[in-house]
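Peer 1: Take a look at the following structure, please.
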Amino acid sequence: MKIKNIILYSFIALMALFTIIDVVEFKRNISFNETNIIQSIKDLSEKPRSIIHSTNHQTALDYLEDKVESFGIVKSNEVTLPAYQIQKVVTEQKDMYGHDMGELVNGKRSVDEYTIIKEPYDITNLIVNIPANGSKKTNNAVMIMAHYDSVPMGYGASDDVVAVSVMLEAIRFYQEEMKNGLKINNDLVFVFTDGEEYGLFGAYAFSDNYSGFNNVTKRIKFATNLESRGTSGTLIMFETSNNNYNTVKLFSKINKNVFTSSIANMVYQTMPNGTDFSAYKQMYQGINLANLGGGYDYHTQNDNFNNVGMSYTTQQAQFIKSLIDTTCNYDLNKLDEASSDAIFFSYLNIATPYYSYTVAYIFAVMITLMLGVIIYFRVKNKTNIINILKSYLMILAIIISSALVGFIVYYLFNFIAMIFGNIDSHSIGKITYSTPMIVFTLVLIILSIGLITYRLLNKVLKLENEDFNLSVVYFYSFLAIILTFVMPVVSYLFVLPALLMLVLRLVNLKYNVSDLKLELVIFALILPLFYPVVSLA
């Protein structure tokens with residue numbers, strides 16, 4: 001018996017540990033040359049390179065040209081050999097904060113950002129095309145995009161030189177691999193955009209007006225944008241194109257350790273933010289990735305070489321290597337065949353499970369049927385309805401008390417941070433949780449308060465554990481069914497736990513077995529669903 005307990009609690013502890021690791025930063029081993037990546041980050045982030053810093057801006061562009069030429073890539077529009085081109089457009093004088101939208105002189109689309117352009121500026125993209133060399137060339141292309149400009153007040157080391165440097169190293173790496181015999185059937189296109197910080201100018205210029213490399217914008221079938229929202233943190237795939245089922249299926253093949261969730265995609269769609277991905281997500285199937293840690297350095301002078309997080313830098317390099325390896329010979333035409341979105345999530349960095357809305361509806365039917373069976377037998381056995389109502393009252397009290405304590409603890413963390421000089425008084429109530437351990441500590445506190453509330457109320461209401469447990473199952477099941485039809489992309493958080501709990505209840509009905517240990521196993525299994533969402537949301 002003791003051995004079983006040791007195994008059980010070891011399993012729960014390991015699940016908790018790996019759940020935390022899922023969002024914790026750590027350096028990865030990569031196939032790319034890390035020294036090359038670091039050197040490019042250092043070189044490109046020495047000075048701000050916004051479009052108003054014309055000299056620094058030109059220096060950065062020259063650096064990119066020199067680098068790609070050193071890899072044996074020529075300046076040409078030729079599609080039979082690795083080549084690069086420069087695309088130039090000119091901005092108009094516009095207020096770009098949702099009033100008089102800025103536009104490209106030669107473009108058609110409006111863009112929305114936070115800066116005012118007071119005079120026309122040159123916008124310059126650099127596009128590298130590595131043509132397929134395999135025996136089954138498709139004429140399709142895979143695109144990877146990042147912007148090399150910075151905000152005027154920052155060095156933009158993480159936003160977005162890390163991505164630019166990883167792309168440069170990827171170009172060098174695959175040039176060498178192809179010389180050594182690697183065969184690819186889809187073209188690889190690397191787009192270094194300009195003017196992202198002033199309104200996504202470069203990305204719109206590319207998507208709307210670029211026709212080089214045999215109309216490559218018409219041949220792209222899968223696109224990836226690399227962004228940053230801070231100087232640290234783990235990498236997140238937070239946005240996809242519409243009708244993304246097959247794209248998520250492809251992502252699940254590529255992904256090794258990048259967190260993602262259909263919830264993140266849904267939330268981002270409702271936000272007023274924009275990245276270069278906004279310029280082409282209606283044109284191509286694709287994904288948008290960024291790190292979200294160290295947000296206090298975002299768009300400041302602290303976004304410099306010294307603050308670059310090597311954890312997400314190596315994570316990004318690892319992901320891009322996996323992405324190219326997977327897509328260079330992939331049938332990209334499959335991506336456009338999907339007519340619906342996927343429900344998806346990361347699980348312990350082991351896999352990216354995904355399923356269709358149809359499967360979600362099947363799950364809802366299964367939950368309804370199992371719930372109906374349980375309710376039938378409970379009514380048949382003359383369940384005390386009053387106890388069920390008391391149980392729901394207890395659940396409501398636990399939710400309210402936990403939320404209230406979470407609110408108080410959040411402000412307590414703020415005040416402690418102010419006392420130690422980490423923030424000023426004006427920032428109280430405005431900071432976000434900065435580390436996974438803070439979030440984990442807060443979750444533990446809230447769970448403890450919930451348990452204390454349960455113990456205290458149970459003494460007053462004098463409920464049987466089975467009544468309360470059954471009420472929790474009802475609560476989860478009803479919520480799962482409702483969310484499946486109202487907000488399907490969120491429903492997995494409740495559908496999967498509900499299915500496990502209902503199965504356990506049915507086993508209990510059949511064999512009259514009620515074991516807390518089994519419920520703890522279920523808790524351990526669903527913990528990886530919730531904690532990363534809370535920590536990284």
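As shown in the structure tokens, the chain order sets the letters A, B, ...; within each chain, residues go from 1, and ligands are also counted from 1 in the order they appear.
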As a count of residues only, please: every residue in range 160-375 of chain A that a backbone DSSP assignment puts in helix (DSSP H, G or I).
Peer 2: 111
Peer 1: Return as number ranges by chain the full set of residues in range 116-197 of chain A whose backbone-based DSSP assignment is strand (DSSP E or B).
Peer 2: A: 116-117, 122-130, 141-147, 187-193
Peer 1: What is the CA of Phe251 in chain A-CA of Leu17 in chain A distance in Å, reported with one decimal?
Peer 2: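 CA of Leu17 in chain A lies at a distance of 25.1 Å from CA of Phe251 in chain A.
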Peer 1: Residues near Ser31 in chain A, anyone? I mean within 9 Å using only C-alpha atoms, not counting same-chain ones fewer than 5 positions away, as an NGL selection string.
Peer 2: :A and (173 or 317-318 or 321)
Peer 1: Kindly save the residues from that selection, with N, CA, C and O atoms included, as a short mmCIF file (atom, residue, chain, number, x, y, z; two decimals), in the first residue's frame.
Peer 2:
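The result, written out as out-v3.cif:
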```
data_model
loop_
_atom_site.label_atom_id
_atom_site.label_comp_id
_atom_site.auth_asym_id
_atom_site.auth_seq_id
_atom_site.Cartn_x
_atom_site.Cartn_y
_atom_site.Cartn_z
N PHE A 173 22.96 28.18 -42.77
CA PHE A 173 22.93 26.76 -42.46
C PHE A 173 22.38 25.94 -43.63
O PHE A 173 22.98 24.94 -44.04
N ALA A 317 15.54 29.38 -32.45
CA ALA A 317 16.42 28.73 -33.43
C ALA A 317 16.04 27.27 -33.61
O ALA A 317 16.01 26.74 -34.73
N GLN A 318 15.75 26.60 -32.50
CA GLN A 318 15.34 25.21 -32.56
C GLN A 318 14.04 25.05 -33.33
O GLN A 318 13.88 24.13 -34.14
N LYS A 321 14.54 25.63 -37.15
CA LYS A 321 15.18 24.44 -37.75
C LYS A 321 14.14 23.35 -37.97
O LYS A 321 14.07 22.74 -39.06
#
```
Peer 1: I'd like a table as a tab-separated table: residues in range 245-325 of chain A with an atom no more than 8 Å from range 184-204 of chain A, each row giving the shortest atom pair and its distance in Å to one decimal, only C-alpha atoms counted, sorted by chain and rising residue number.
Peer 2:
```
residue	atom	partner	partner_atom	distance
A:Thr275	CA	A:Leu200	CA	6.8
A:Asp276	CA	A:Ala203	CA	5.4
A:Phe277	CA	A:Ala203	CA	7.8
A:Ala279	CA	A:Tyr204	CA	5.2
A:Tyr280	CA	A:Tyr204	CA	7.6
```
Peer 1: Write out, as a PDB file, in the first residue's frame, the residues just selected, with all heavy atoms.
Peer 2:
```
ATOM      1  N   THR A 275       0.905  42.900 -35.919  1.00  0.00           N
ATOM      2  CA  THR A 275       2.288  42.563 -36.262  1.00  0.00           C
ATOM      3  C   THR A 275       2.360  42.435 -37.775  1.00  0.00           C
ATOM      4  O   THR A 275       1.347  42.543 -38.476  1.00  0.00           O
ATOM      5  CB  THR A 275       2.727  41.235 -35.616  1.00  0.00           C
ATOM      6  OG1 THR A 275       1.993  40.162 -36.234  1.00  0.00           O
ATOM      7  CG2 THR A 275       2.463  41.227 -34.112  1.00  0.00           C
ATOM      8  N   ASP A 276       3.551  42.156 -38.281  1.00  0.00           N
ATOM      9  CA  ASP A 276       3.687  41.953 -39.727  1.00  0.00           C
ATOM     10  C   ASP A 276       2.768  40.851 -40.232  1.00  0.00           C
ATOM     11  O   ASP A 276       2.359  40.855 -41.395  1.00  0.00           O
ATOM     12  CB  ASP A 276       5.143  41.597 -40.070  1.00  0.00           C
ATOM     13  CG  ASP A 276       6.040  42.832 -40.132  1.00  0.00           C
ATOM     14  OD1 ASP A 276       5.499  43.956 -40.210  1.00  0.00           O
ATOM     15  OD2 ASP A 276       7.275  42.676 -40.110  1.00  0.00           O
ATOM     16  N   PHE A 277       2.419  39.922 -39.363  1.00  0.00           N
ATOM     17  CA  PHE A 277       1.513  38.835 -39.740  1.00  0.00           C
ATOM     18  C   PHE A 277       0.163  39.379 -40.194  1.00  0.00           C
ATOM     19  O   PHE A 277      -0.512  38.758 -41.024  1.00  0.00           O
ATOM     20  CB  PHE A 277       1.342  37.886 -38.547  1.00  0.00           C
ATOM     21  CG  PHE A 277       0.646  36.598 -38.863  1.00  0.00           C
ATOM     22  CD1 PHE A 277       1.272  35.613 -39.607  1.00  0.00           C
ATOM     23  CD2 PHE A 277      -0.641  36.352 -38.401  1.00  0.00           C
ATOM     24  CE1 PHE A 277       0.634  34.411 -39.897  1.00  0.00           C
ATOM     25  CE2 PHE A 277      -1.281  35.151 -38.670  1.00  0.00           C
ATOM     26  CZ  PHE A 277      -0.647  34.177 -39.428  1.00  0.00           C
ATOM     27  N   ALA A 279      -0.438  41.715 -42.113  1.00  0.00           N
ATOM     28  CA  ALA A 279      -0.424  42.126 -43.517  1.00  0.00           C
ATOM     29  C   ALA A 279      -0.741  40.989 -44.469  1.00  0.00           C
ATOM     30  O   ALA A 279      -1.127  41.228 -45.613  1.00  0.00           O
ATOM     31  CB  ALA A 279       0.954  42.713 -43.855  1.00  0.00           C
ATOM     32  N   TYR A 280      -0.589  39.741 -44.020  1.00  0.00           N
ATOM     33  CA  TYR A 280      -0.777  38.642 -44.974  1.00  0.00           C
ATOM     34  C   TYR A 280      -1.546  37.444 -44.420  1.00  0.00           C
ATOM     35  O   TYR A 280      -1.681  36.423 -45.094  1.00  0.00           O
ATOM     36  CB  TYR A 280       0.579  38.165 -45.511  1.00  0.00           C
ATOM     37  CG  TYR A 280       1.577  37.727 -44.470  1.00  0.00           C
ATOM     38  CD1 TYR A 280       1.509  36.475 -43.883  1.00  0.00           C
ATOM     39  CD2 TYR A 280       2.609  38.570 -44.079  1.00  0.00           C
ATOM     40  CE1 TYR A 280       2.433  36.066 -42.937  1.00  0.00           C
ATOM     41  CE2 TYR A 280       3.547  38.173 -43.132  1.00  0.00           C
ATOM     42  CZ  TYR A 280       3.458  36.926 -42.574  1.00  0.00           C
ATOM     43  OH  TYR A 280       4.372  36.525 -41.626  1.00  0.00           O
TER      44      TYR A 280
END
```
Peer 1: Neighbouring residues of Met266 in chain A were defined as those with any atom within 9 Å, considering only C-alpha atoms; residues of the same chain fewer than 2 positions away were excluded. Please report them as a compact mmCIF listing (two decimals) with C-alpha atoms, in the first residue's frame.
Peer 2:
```
# COMPACT_ATOMS: atom_id res chain seq x y z
CA PHE A 238 -0.32 32.98 -30.40
CA GLU A 239 -1.96 33.55 -33.78
CA SER A 261 -3.48 27.35 -27.33
CA SER A 262 -6.55 28.06 -29.41
CA ILE A 263 -7.50 30.39 -26.55
CA ALA A 264 -4.46 32.58 -27.27
CA TYR A 268 -5.40 37.97 -29.89
CA GLN A 269 -8.00 38.28 -32.63
CA THR A 270 -10.03 40.57 -30.33
CA VAL A 489 -11.83 27.09 -28.64
CA VAL A 490 -11.98 27.49 -24.84
```
